[in-house]
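Data block for run.cif (mmCIF, C-alpha atoms and all ligand atoms):
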```
data_entry
loop_
_atom_site.group_PDB
_atom_site.id
_atom_site.type_symbol
_atom_site.label_atom_id
_atom_site.label_comp_id
_atom_site.auth_asym_id
_atom_site.auth_seq_id
_atom_site.Cartn_x
_atom_site.Cartn_y
_atom_site.Cartn_z
ATOM 1 C CA MET O 24 126.644 -53.384 -29.045
ATOM 2 C CA THR O 25 126.443 -54.267 -25.328
ATOM 3 C CA GLU O 26 129.187 -53.241 -22.905
ATOM 4 C CA SER O 27 130.430 -56.807 -22.661
ATOM 5 C CA GLU O 28 130.564 -57.121 -26.462
ATOM 6 C CA THR O 29 132.502 -53.834 -26.586
ATOM 7 C CA ARG O 30 134.933 -55.107 -23.931
ATOM 8 C CA ALA O 31 135.527 -58.278 -25.956
ATOM 9 C CA LEU O 32 136.036 -56.339 -29.207
ATOM 10 C CA LEU O 33 138.458 -53.909 -27.536
ATOM 11 C CA ALA O 34 140.570 -56.785 -26.197
ATOM 12 C CA GLU O 35 140.497 -58.541 -29.592
ATOM 13 C CA LEU O 36 141.545 -55.455 -31.582
ATOM 14 C CA ALA O 37 144.232 -54.541 -29.034
ATOM 15 C CA ALA O 38 145.665 -58.071 -29.199
ATOM 16 C CA SER O 39 145.712 -57.864 -32.995
ATOM 17 C CA LEU O 40 147.613 -54.545 -32.893
ATOM 18 C CA PHE O 41 150.092 -56.013 -30.405
ATOM 19 C CA ALA O 42 150.580 -59.229 -32.388
ATOM 20 C CA ARG O 43 151.481 -57.211 -35.473
ATOM 21 C CA GLY O 44 153.965 -54.970 -33.671
ATOM 22 C CA PHE O 45 151.919 -51.766 -33.566
ATOM 23 C CA SER O 46 152.562 -51.713 -29.823
ATOM 24 C CA VAL O 47 155.228 -53.265 -27.604
ATOM 25 C CA GLY O 48 155.538 -53.796 -23.856
ATOM 26 C CA SER O 49 152.834 -51.809 -22.083
ATOM 27 C CA ALA O 50 152.821 -48.964 -24.626
ATOM 28 C CA GLY O 51 149.600 -47.568 -26.000
ATOM 29 C CA ASN O 52 146.071 -47.183 -24.728
ATOM 30 C CA ILE O 53 142.602 -47.417 -26.255
ATOM 31 C CA SER O 54 139.254 -45.973 -25.177
ATOM 32 C CA VAL O 55 135.706 -46.286 -26.451
ATOM 33 C CA ARG O 56 132.514 -44.344 -25.765
ATOM 34 C CA LEU O 57 129.697 -46.613 -24.540
ATOM 35 C CA ALA O 58 126.180 -46.390 -25.932
ATOM 36 C CA GLU O 59 124.792 -46.447 -22.375
ATOM 37 C CA GLY O 60 127.034 -43.499 -21.326
ATOM 38 C CA GLY O 61 130.584 -43.318 -20.045
ATOM 39 C CA TYR O 62 133.701 -44.905 -21.470
ATOM 40 C CA LEU O 63 135.974 -47.926 -21.352
ATOM 41 C CA ILE O 64 139.749 -47.371 -21.328
ATOM 42 C CA THR O 65 142.660 -49.774 -21.108
ATOM 43 C CA PRO O 66 144.248 -50.034 -17.639
ATOM 44 C CA THR O 67 147.558 -48.266 -16.952
ATOM 45 C CA ASN O 68 150.633 -50.412 -17.526
ATOM 46 C CA SER O 69 148.586 -53.099 -19.230
ATOM 47 C CA CYS O 70 149.870 -54.942 -22.296
ATOM 48 C CA LEU O 71 147.576 -54.503 -25.312
ATOM 49 C CA GLY O 72 148.360 -58.110 -26.201
ATOM 50 C CA ARG O 73 146.899 -59.563 -23.023
ATOM 51 C CA LEU O 74 143.903 -57.523 -21.879
ATOM 52 C CA ASP O 75 141.313 -59.210 -19.677
ATOM 53 C CA PRO O 76 138.005 -57.802 -21.002
ATOM 54 C CA ALA O 77 136.436 -57.846 -17.521
ATOM 55 C CA ARG O 78 139.267 -55.729 -16.030
ATOM 56 C CA ILE O 79 139.262 -52.933 -18.647
ATOM 57 C CA ALA O 80 138.642 -49.684 -16.720
ATOM 58 C CA ARG O 81 135.162 -48.169 -16.721
ATOM 59 C CA LEU O 82 134.779 -44.369 -16.595
ATOM 60 C CA ASP O 83 131.539 -42.463 -16.094
ATOM 61 C CA ALA O 84 130.447 -39.635 -18.401
ATOM 62 C CA GLU O 85 132.673 -37.222 -16.407
ATOM 63 C CA PHE O 86 135.698 -39.515 -16.891
ATOM 64 C CA ARG O 87 135.713 -40.646 -13.237
ATOM 65 C CA HIS O 88 136.985 -44.160 -12.583
ATOM 66 C CA VAL O 89 133.989 -46.288 -11.575
ATOM 67 C CA GLY O 90 135.092 -49.862 -12.315
ATOM 68 C CA GLY O 91 137.799 -52.220 -13.490
ATOM 69 C CA ASP O 92 141.546 -51.718 -13.055
ATOM 70 C CA LYS O 93 143.213 -48.297 -12.635
ATOM 71 C CA PRO O 94 142.775 -46.435 -15.936
ATOM 72 C CA SER O 95 145.526 -45.326 -18.319
ATOM 73 C CA LYS O 96 147.453 -42.257 -17.158
ATOM 74 C CA GLU O 97 146.532 -40.776 -20.551
ATOM 75 C CA VAL O 98 142.824 -40.286 -19.753
ATOM 76 C CA PHE O 99 143.421 -36.558 -20.410
ATOM 77 C CA MET O 100 144.606 -37.324 -23.928
ATOM 78 C CA HIS O 101 141.444 -39.296 -24.667
ATOM 79 C CA ARG O 102 139.159 -36.752 -22.978
ATOM 80 C CA ALA O 103 140.671 -34.012 -25.160
ATOM 81 C CA PHE O 104 139.335 -35.792 -28.245
ATOM 82 C CA TYR O 105 135.878 -36.634 -26.863
ATOM 83 C CA SER O 106 135.378 -33.093 -25.592
ATOM 84 C CA VAL O 107 135.905 -31.411 -28.969
ATOM 85 C CA ARG O 108 134.839 -34.179 -31.375
ATOM 86 C CA PRO O 109 131.247 -35.278 -30.784
ATOM 87 C CA ASP O 110 131.702 -37.701 -33.708
ATOM 88 C CA ALA O 111 134.514 -39.572 -31.903
ATOM 89 C CA GLY O 112 133.378 -42.975 -30.641
ATOM 90 C CA ALA O 113 136.861 -44.295 -29.872
ATOM 91 C CA VAL O 114 140.457 -43.107 -29.467
ATOM 92 C CA VAL O 115 143.639 -45.121 -30.060
ATOM 93 C CA HIS O 116 147.083 -44.023 -28.854
ATOM 94 C CA LEU O 117 150.136 -45.968 -30.021
ATOM 95 C CA HIS O 118 153.901 -45.629 -30.047
ATOM 96 C CA SER O 119 153.975 -47.332 -33.448
ATOM 97 C CA THR O 120 157.477 -47.126 -34.881
ATOM 98 C CA MET O 121 157.103 -45.231 -38.164
ATOM 99 C CA ALA O 122 154.624 -42.629 -36.933
ATOM 100 C CA THR O 123 156.766 -42.081 -33.850
ATOM 101 C CA ALA O 124 159.857 -41.728 -36.047
ATOM 102 C CA VAL O 125 158.116 -38.938 -37.958
ATOM 103 C CA ALA O 126 157.147 -37.390 -34.598
ATOM 104 C CA CYS O 127 160.873 -37.253 -33.747
ATOM 105 C CA LEU O 128 161.970 -35.411 -36.911
ATOM 106 C CA ALA O 129 163.233 -31.950 -35.970
ATOM 107 C CA ASP O 130 162.076 -30.596 -39.328
ATOM 108 C CA ALA O 131 158.626 -32.266 -39.363
ATOM 109 C CA ASP O 132 155.897 -30.036 -40.789
ATOM 110 C CA ALA O 133 153.752 -28.841 -37.860
ATOM 111 C CA VAL O 134 150.502 -28.949 -39.842
ATOM 112 C CA ASN O 135 150.990 -31.985 -42.051
ATOM 113 C CA PRO O 136 153.997 -34.031 -40.941
ATOM 114 C CA ILE O 137 152.749 -36.867 -43.182
ATOM 115 C CA PRO O 138 151.725 -35.643 -46.649
ATOM 116 C CA PRO O 139 148.702 -36.955 -48.590
ATOM 117 C CA LEU O 140 150.436 -39.772 -50.460
ATOM 118 C CA THR O 141 147.615 -42.325 -50.707
ATOM 119 C CA PRO O 142 143.807 -42.299 -50.673
ATOM 120 C CA TYR O 143 143.353 -44.535 -47.620
ATOM 121 C CA PHE O 144 145.453 -42.279 -45.417
ATOM 122 C CA VAL O 145 143.245 -39.331 -46.404
ATOM 123 C CA MET O 146 140.009 -41.356 -46.109
ATOM 124 C CA ARG O 147 140.787 -42.722 -42.635
ATOM 125 C CA VAL O 148 142.919 -40.002 -41.039
ATOM 126 C CA GLY O 149 141.575 -36.942 -42.858
ATOM 127 C CA ARG O 150 142.983 -33.751 -44.253
ATOM 128 C CA THR O 151 145.392 -32.758 -41.496
ATOM 129 C CA LEU O 152 147.519 -34.368 -38.808
ATOM 130 C CA PRO O 153 148.672 -31.586 -36.472
ATOM 131 C CA LEU O 154 151.935 -32.070 -34.612
ATOM 132 C CA VAL O 155 151.439 -31.304 -30.899
ATOM 133 C CA ARG O 156 154.501 -30.245 -28.909
ATOM 134 C CA TYR O 157 156.169 -32.658 -26.494
ATOM 135 C CA PHE O 158 154.591 -33.352 -23.109
ATOM 136 C CA ARG O 159 155.675 -35.937 -20.540
ATOM 137 C CA PRO O 160 153.401 -39.040 -20.810
ATOM 138 C CA GLY O 161 150.460 -38.586 -18.473
ATOM 139 C CA ASP O 162 150.964 -34.808 -18.157
ATOM 140 C CA PRO O 163 147.465 -33.273 -17.828
ATOM 141 C CA ALA O 164 148.824 -30.105 -19.487
ATOM 142 C CA MET O 165 148.591 -31.929 -22.806
ATOM 143 C CA GLU O 166 144.782 -31.896 -22.690
ATOM 144 C CA PRO O 167 144.179 -28.285 -23.869
ATOM 145 C CA ALA O 168 146.925 -28.556 -26.495
ATOM 146 C CA ILE O 169 145.442 -31.757 -27.928
ATOM 147 C CA ALA O 170 141.899 -30.415 -27.730
ATOM 148 C CA ALA O 171 142.896 -27.303 -29.692
ATOM 149 C CA ALA O 172 144.572 -29.425 -32.372
ATOM 150 C CA ALA O 173 141.805 -32.055 -32.533
ATOM 151 C CA ARG O 174 139.030 -29.522 -33.120
ATOM 152 C CA ASP O 175 139.834 -29.646 -36.846
ATOM 153 C CA ALA O 176 141.588 -33.006 -37.049
ATOM 154 C CA ARG O 177 140.653 -36.642 -36.440
ATOM 155 C CA ALA O 178 144.211 -37.484 -35.361
ATOM 156 C CA VAL O 179 147.287 -35.744 -33.972
ATOM 157 C CA LEU O 180 150.949 -36.652 -33.702
ATOM 158 C CA LEU O 181 152.575 -36.013 -30.314
ATOM 159 C CA ALA O 182 156.172 -34.832 -30.740
ATOM 160 C CA ASN O 183 158.703 -37.498 -29.663
ATOM 161 C CA HIS O 184 155.853 -39.698 -28.414
ATOM 162 C CA GLY O 185 153.409 -41.055 -31.004
ATOM 163 C CA PRO O 186 150.023 -40.836 -32.710
ATOM 164 C CA VAL O 187 146.565 -40.330 -31.180
ATOM 165 C CA VAL O 188 143.757 -41.270 -33.558
ATOM 166 C CA SER O 189 139.980 -41.016 -33.222
ATOM 167 C CA GLY O 190 137.269 -42.789 -35.182
ATOM 168 C CA LYS O 191 133.495 -43.049 -35.236
ATOM 169 C CA THR O 192 133.752 -46.593 -33.894
ATOM 170 C CA LEU O 193 136.422 -48.689 -32.237
ATOM 171 C CA THR O 194 137.089 -50.526 -35.485
ATOM 172 C CA ASP O 195 137.306 -47.234 -37.411
ATOM 173 C CA ALA O 196 139.809 -45.787 -34.936
ATOM 174 C CA VAL O 197 141.990 -48.909 -35.092
ATOM 175 C CA HIS O 198 141.903 -48.938 -38.896
ATOM 176 C CA ALA O 199 142.835 -45.247 -38.980
ATOM 177 C CA ALA O 200 145.762 -45.863 -36.606
ATOM 178 C CA GLU O 201 146.976 -48.649 -38.906
ATOM 179 C CA GLU O 202 146.665 -46.448 -42.009
ATOM 180 C CA LEU O 203 148.541 -43.659 -40.246
ATOM 181 C CA GLU O 204 151.406 -46.014 -39.454
ATOM 182 C CA GLU O 205 151.583 -47.214 -43.083
ATOM 183 C CA ALA O 206 151.472 -43.649 -44.383
ATOM 184 C CA ALA O 207 154.332 -42.749 -42.026
ATOM 185 C CA ARG O 208 156.302 -45.735 -43.380
ATOM 186 C CA LEU O 209 155.761 -44.494 -46.948
ATOM 187 C CA ALA O 210 156.660 -40.923 -46.011
ATOM 188 C CA LEU O 211 159.935 -42.119 -44.484
ATOM 189 C CA LEU O 212 160.678 -44.426 -47.440
ATOM 190 C CA LEU O 213 160.178 -41.494 -49.779
ATOM 191 C CA ARG O 214 162.067 -38.942 -47.688
ATOM 192 C CA GLY O 215 164.553 -37.177 -49.954
ATOM 193 C CA ALA O 216 162.723 -38.404 -53.084
ATOM 194 C CA SER O 217 160.142 -36.342 -54.968
ATOM 195 C CA PRO O 218 156.881 -38.227 -54.466
ATOM 196 C CA ARG O 219 153.772 -37.232 -56.379
ATOM 197 C CA LEU O 220 151.309 -36.076 -53.703
ATOM 198 C CA LEU O 221 147.537 -36.205 -54.048
ATOM 199 C CA THR O 222 146.326 -32.808 -55.175
ATOM 200 C CA GLY O 223 143.984 -30.629 -53.122
ATOM 201 C CA ALA O 224 141.175 -31.523 -55.542
ATOM 202 C CA GLN O 225 141.864 -35.245 -55.125
ATOM 203 C CA VAL O 226 141.854 -34.885 -51.321
ATOM 204 C CA ASP O 227 138.550 -32.959 -51.498
ATOM 205 C CA ASP O 228 137.052 -35.643 -53.750
ATOM 206 C CA LEU O 229 138.047 -38.415 -51.289
ATOM 207 C CA LEU O 230 136.615 -36.577 -48.293
ATOM 208 C CA ILE O 231 133.372 -35.739 -50.105
ATOM 209 C CA THR O 232 132.983 -39.304 -51.358
ATOM 210 C CA PHE O 233 134.068 -41.239 -48.258
ATOM 211 C CA GLY O 234 133.525 -38.727 -45.454
HETATM 212 P P1 LIG N 301 149.383 -46.249 -19.787
HETATM 213 O O1 LIG N 301 150.001 -47.598 -19.521
HETATM 214 O O2 LIG N 301 149.136 -45.462 -18.524
HETATM 215 O O3 LIG N 301 148.145 -46.372 -20.652
HETATM 216 O O4 LIG N 301 150.442 -45.416 -20.638
HETATM 217 C C1 LIG N 301 151.004 -46.022 -21.771
HETATM 218 C C2 LIG N 301 151.386 -45.024 -22.788
HETATM 219 O O5 LIG N 301 151.333 -45.312 -23.960
HETATM 220 C C3 LIG N 301 151.856 -43.688 -22.352
HETATM 221 O O6 LIG N 301 151.862 -42.811 -23.424
#
```
With the file now loaded, output its structure as structure tokens.
Amino acid sequence: MTESETRALLAELAASLFARGFSVGSAGNISVRLAEGGYLITPTNSCLGRLDPARIARLDAEFRHVGGDKPSKEVFMHRAFYSVRPDAGAVVHLHSTMATAVACLADADAVNPIPPLTPYFVMRVGRTLPLVRYFRPGDPAMEPAIAAAARDARAVLLANHGPVVSGKTLTDAVHAAEELEEAARLALLLRGASPRLLTGAQVDDLLITFG
């Protein structure tokens, strides 16, 4: 995919997330690794519903701003994933309501705040979803904490803030962010009930079969 095709796809997927309420206002940011080196990332304070593909920020391989509008203040969050996950081709950060609600629960499980309820959550998001402690948005101190958590996880949940999800491609990362939000909705719907969770063997089978 050329850079201009990637810019167009990023704007299209972001608009789709916004239209369906996965992001509101200027919340959320999305980045993608370019085949020719470097990254694209959504501009700071931009609305995911109205991105101009030509103005999406361009970063070089060292995450320096080299083109487009001023990049998201969460570059550190995205860099944390790319630095420890060579398989990550894109990163999506949202404040989607259900996942953020789980991130606000005082008694959320720090290793798996959303249990393995359905196959697609496991297939897209993986085995674990570490909960990373609260940092102020844009605080560079979050980078080492996210990097440590993302070493063994495709996605993390930032306490009182929201999810950060990686994927092999832009489309994969967006799909995983959507599955995470739906899994959070189910987890909240079933809070206080006794749901049947997928077993360890079923989770292993999904990850062996679908990667
Ligand atoms: P930016 O507008 O700088 O990308 O920040 C939005 C956001 O979601 C902060 O967490």
At a cut-off of 8 Å, can you tabulate as CSV every residue of segment 107-157 of chain O near segment 201-216 of chain O together with its closest atom pair and the distance in Å to one decimal, using all atoms listed in the file and ordering rows by chain then number?
```
residue,atom,partner,partner_atom,distance
O:Ser119,CA,O:Glu204,CA,6.7
O:Thr120,CA,O:Glu204,CA,7.7
O:Met121,CA,O:Arg208,CA,5.3
O:Ala122,CA,O:Ala207,CA,5.1
O:Val125,CA,O:Ala207,CA,6.7
O:Ile137,CA,O:Ala207,CA,6.2
O:Pro138,CA,O:Ala210,CA,7.3
O:Leu140,CA,O:Ala206,CA,7.3
O:Thr141,CA,O:Ala206,CA,7.5
O:Tyr143,CA,O:Glu202,CA,6.8
O:Phe144,CA,O:Glu202,CA,5.5
O:Arg147,CA,O:Glu202,CA,7.0
O:Val148,CA,O:Leu203,CA,6.8
```
Write the selection just made, keeping C-alpha atoms, as a CSV table (one decimal), keeping the file's coordinate frame?
```csv
chain,number,residue,atom,x,y,z
O,119,SER,CA,154.0,-47.3,-33.4
O,120,THR,CA,157.5,-47.1,-34.9
O,121,MET,CA,157.1,-45.2,-38.2
O,122,ALA,CA,154.6,-42.6,-36.9
O,125,VAL,CA,158.1,-38.9,-38.0
O,137,ILE,CA,152.7,-36.9,-43.2
O,138,PRO,CA,151.7,-35.6,-46.6
O,140,LEU,CA,150.4,-39.8,-50.5
O,141,THR,CA,147.6,-42.3,-50.7
O,143,TYR,CA,143.4,-44.5,-47.6
O,144,PHE,CA,145.5,-42.3,-45.4
O,147,ARG,CA,140.8,-42.7,-42.6
O,148,VAL,CA,142.9,-40.0,-41.0
```
Select, from O:Glu97, O:Glu35, O:Glu59, O:Asp228, the residue with the minimum atom-to-atom distance to ligand LIG 301 (chain N), counting only C-alpha atoms and all ligand atoms.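 Among O:Glu97, O:Glu35, O:Glu59, O:Asp228, it is O:Glu97 that comes nearest to ligand LIG 301 (chain N).
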Env of Asn135 of chain O: 6 Å cut, atoms = all atoms listed in the file, seq-sep filter 3 positions within chain, self excluded. Answer as a ChimeraX atom specification. /O:132,138,151-152
Atom CA of Leu180 of chain O and atom CA of Ala34 of chain O are how many Å apart?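 Computing the Euclidean distance for atom CA of Leu180 of chain O and atom CA of Ala34 of chain O yields 23.9 Å.
The residue that comes closest to ligand LIG 301 (chain N), out of O:Met165, O:Ala172, O:Ala77, O:Leu57 and on the basis of all atoms listed in the file, is O:Met165.
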Nearest-residue call for ligand LIG 301 (chain N), choices O:Ala84, O:Val89, O:Ala133, O:Leu181, using all atoms listed in the file: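 Under the stated criterion, the closest residue is O:Leu181.
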With all heavy atoms as the target, complete segment 166-177 of chain O and hand it back as a PDB file, in the frame of the given file.
```
ATOM      1  N   GLU O 166     146.199 -31.863 -22.287  1.00  0.00           N
ATOM      2  CA  GLU O 166     144.782 -31.896 -22.690  1.00  0.00           C
ATOM      3  C   GLU O 166     144.356 -30.676 -23.524  1.00  0.00           C
ATOM      4  O   GLU O 166     143.806 -30.850 -24.610  1.00  0.00           O
ATOM      5  CB  GLU O 166     143.875 -32.066 -21.465  1.00  0.00           C
ATOM      6  CG  GLU O 166     142.418 -32.178 -21.877  1.00  0.00           C
ATOM      7  CD  GLU O 166     141.499 -32.598 -20.742  1.00  0.00           C
ATOM      8  OE1 GLU O 166     141.964 -32.825 -19.615  1.00  0.00           O
ATOM      9  OE2 GLU O 166     140.290 -32.706 -21.005  1.00  0.00           O
ATOM     10  N   PRO O 167     144.611 -29.417 -23.040  1.00  0.00           N
ATOM     11  CA  PRO O 167     144.179 -28.285 -23.869  1.00  0.00           C
ATOM     12  C   PRO O 167     144.908 -28.208 -25.209  1.00  0.00           C
ATOM     13  O   PRO O 167     144.311 -27.813 -26.219  1.00  0.00           O
ATOM     14  CB  PRO O 167     144.473 -27.054 -22.998  1.00  0.00           C
ATOM     15  CG  PRO O 167     145.306 -27.519 -21.853  1.00  0.00           C
ATOM     16  CD  PRO O 167     145.127 -29.000 -21.729  1.00  0.00           C
ATOM     17  N   ALA O 168     146.168 -28.619 -25.236  1.00  0.00           N
ATOM     18  CA  ALA O 168     146.925 -28.556 -26.495  1.00  0.00           C
ATOM     19  C   ALA O 168     146.357 -29.554 -27.504  1.00  0.00           C
ATOM     20  O   ALA O 168     146.194 -29.243 -28.698  1.00  0.00           O
ATOM     21  CB  ALA O 168     148.398 -28.846 -26.226  1.00  0.00           C
ATOM     22  N   ILE O 169     146.014 -30.751 -27.017  1.00  0.00           N
ATOM     23  CA  ILE O 169     145.442 -31.757 -27.928  1.00  0.00           C
ATOM     24  C   ILE O 169     144.036 -31.340 -28.342  1.00  0.00           C
ATOM     25  O   ILE O 169     143.661 -31.454 -29.513  1.00  0.00           O
ATOM     26  CB  ILE O 169     145.439 -33.152 -27.262  1.00  0.00           C
ATOM     27  CG1 ILE O 169     146.879 -33.625 -27.045  1.00  0.00           C
ATOM     28  CG2 ILE O 169     144.666 -34.158 -28.113  1.00  0.00           C
ATOM     29  CD1 ILE O 169     146.995 -34.961 -26.329  1.00  0.00           C
ATOM     30  N   ALA O 170     143.267 -30.828 -27.391  1.00  0.00           N
ATOM     31  CA  ALA O 170     141.899 -30.415 -27.730  1.00  0.00           C
ATOM     32  C   ALA O 170     141.919 -29.338 -28.810  1.00  0.00           C
ATOM     33  O   ALA O 170     141.130 -29.381 -29.762  1.00  0.00           O
ATOM     34  CB  ALA O 170     141.179 -29.925 -26.471  1.00  0.00           C
ATOM     35  N   ALA O 171     142.829 -28.381 -28.691  1.00  0.00           N
ATOM     36  CA  ALA O 171     142.896 -27.303 -29.692  1.00  0.00           C
ATOM     37  C   ALA O 171     143.239 -27.876 -31.062  1.00  0.00           C
ATOM     38  O   ALA O 171     142.659 -27.485 -32.082  1.00  0.00           O
ATOM     39  CB  ALA O 171     143.942 -26.271 -29.270  1.00  0.00           C
ATOM     40  N   ALA O 172     144.158 -28.840 -31.093  1.00  0.00           N
ATOM     41  CA  ALA O 172     144.572 -29.425 -32.372  1.00  0.00           C
ATOM     42  C   ALA O 172     143.503 -30.341 -32.945  1.00  0.00           C
ATOM     43  O   ALA O 172     143.321 -30.419 -34.168  1.00  0.00           O
ATOM     44  CB  ALA O 172     145.880 -30.188 -32.183  1.00  0.00           C
ATOM     45  N   ALA O 173     142.769 -31.046 -32.066  1.00  0.00           N
ATOM     46  CA  ALA O 173     141.805 -32.055 -32.533  1.00  0.00           C
ATOM     47  C   ALA O 173     140.484 -31.449 -32.989  1.00  0.00           C
ATOM     48  O   ALA O 173     139.666 -32.143 -33.593  1.00  0.00           O
ATOM     49  CB  ALA O 173     141.551 -33.077 -31.417  1.00  0.00           C
ATOM     50  N   ARG O 174     140.289 -30.159 -32.712  1.00  0.00           N
ATOM     51  CA  ARG O 174     139.030 -29.522 -33.120  1.00  0.00           C
ATOM     52  C   ARG O 174     138.830 -29.677 -34.627  1.00  0.00           C
ATOM     53  O   ARG O 174     137.724 -29.911 -35.086  1.00  0.00           O
ATOM     54  CB  ARG O 174     139.088 -28.046 -32.695  1.00  0.00           C
ATOM     55  CG  ARG O 174     137.754 -27.446 -32.453  1.00  0.00           C
ATOM     56  CD  ARG O 174     137.826 -26.210 -31.556  1.00  0.00           C
ATOM     57  NE  ARG O 174     137.559 -26.555 -30.168  1.00  0.00           N
ATOM     58  CZ  ARG O 174     138.302 -26.188 -29.134  1.00  0.00           C
ATOM     59  NH1 ARG O 174     139.361 -25.452 -29.312  1.00  0.00           N
ATOM     60  NH2 ARG O 174     137.980 -26.562 -27.921  1.00  0.00           N
ATOM     61  N   ASP O 175     139.917 -29.557 -35.383  1.00  0.00           N
ATOM     62  CA  ASP O 175     139.834 -29.646 -36.846  1.00  0.00           C
ATOM     63  C   ASP O 175     140.582 -30.847 -37.391  1.00  0.00           C
ATOM     64  O   ASP O 175     140.989 -30.856 -38.550  1.00  0.00           O
ATOM     65  CB  ASP O 175     140.410 -28.375 -37.488  1.00  0.00           C
ATOM     66  CG  ASP O 175     139.616 -27.147 -37.095  1.00  0.00           C
ATOM     67  OD1 ASP O 175     138.377 -27.223 -37.120  1.00  0.00           O
ATOM     68  OD2 ASP O 175     140.238 -26.128 -36.741  1.00  0.00           O
ATOM     69  N   ALA O 176     140.824 -31.846 -36.569  1.00  0.00           N
ATOM     70  CA  ALA O 176     141.588 -33.006 -37.049  1.00  0.00           C
ATOM     71  C   ALA O 176     141.126 -34.262 -36.322  1.00  0.00           C
ATOM     72  O   ALA O 176     140.858 -34.228 -35.126  1.00  0.00           O
ATOM     73  CB  ALA O 176     143.082 -32.785 -36.804  1.00  0.00           C
ATOM     74  N   ARG O 177     141.055 -35.364 -37.050  1.00  0.00           N
ATOM     75  CA  ARG O 177     140.653 -36.642 -36.440  1.00  0.00           C
ATOM     76  C   ARG O 177     141.798 -37.286 -35.676  1.00  0.00           C
ATOM     77  O   ARG O 177     141.579 -38.194 -34.874  1.00  0.00           O
ATOM     78  CB  ARG O 177     140.220 -37.627 -37.519  1.00  0.00           C
ATOM     79  CG  ARG O 177     138.991 -37.215 -38.271  1.00  0.00           C
ATOM     80  CD  ARG O 177     138.709 -38.277 -39.338  1.00  0.00           C
ATOM     81  NE  ARG O 177     138.028 -37.681 -40.460  1.00  0.00           N
ATOM     82  CZ  ARG O 177     137.895 -38.259 -41.641  1.00  0.00           C
ATOM     83  NH1 ARG O 177     138.411 -39.460 -41.861  1.00  0.00           N
ATOM     84  NH2 ARG O 177     137.257 -37.649 -42.604  1.00  0.00           N
TER      85      ARG O 177
END
```
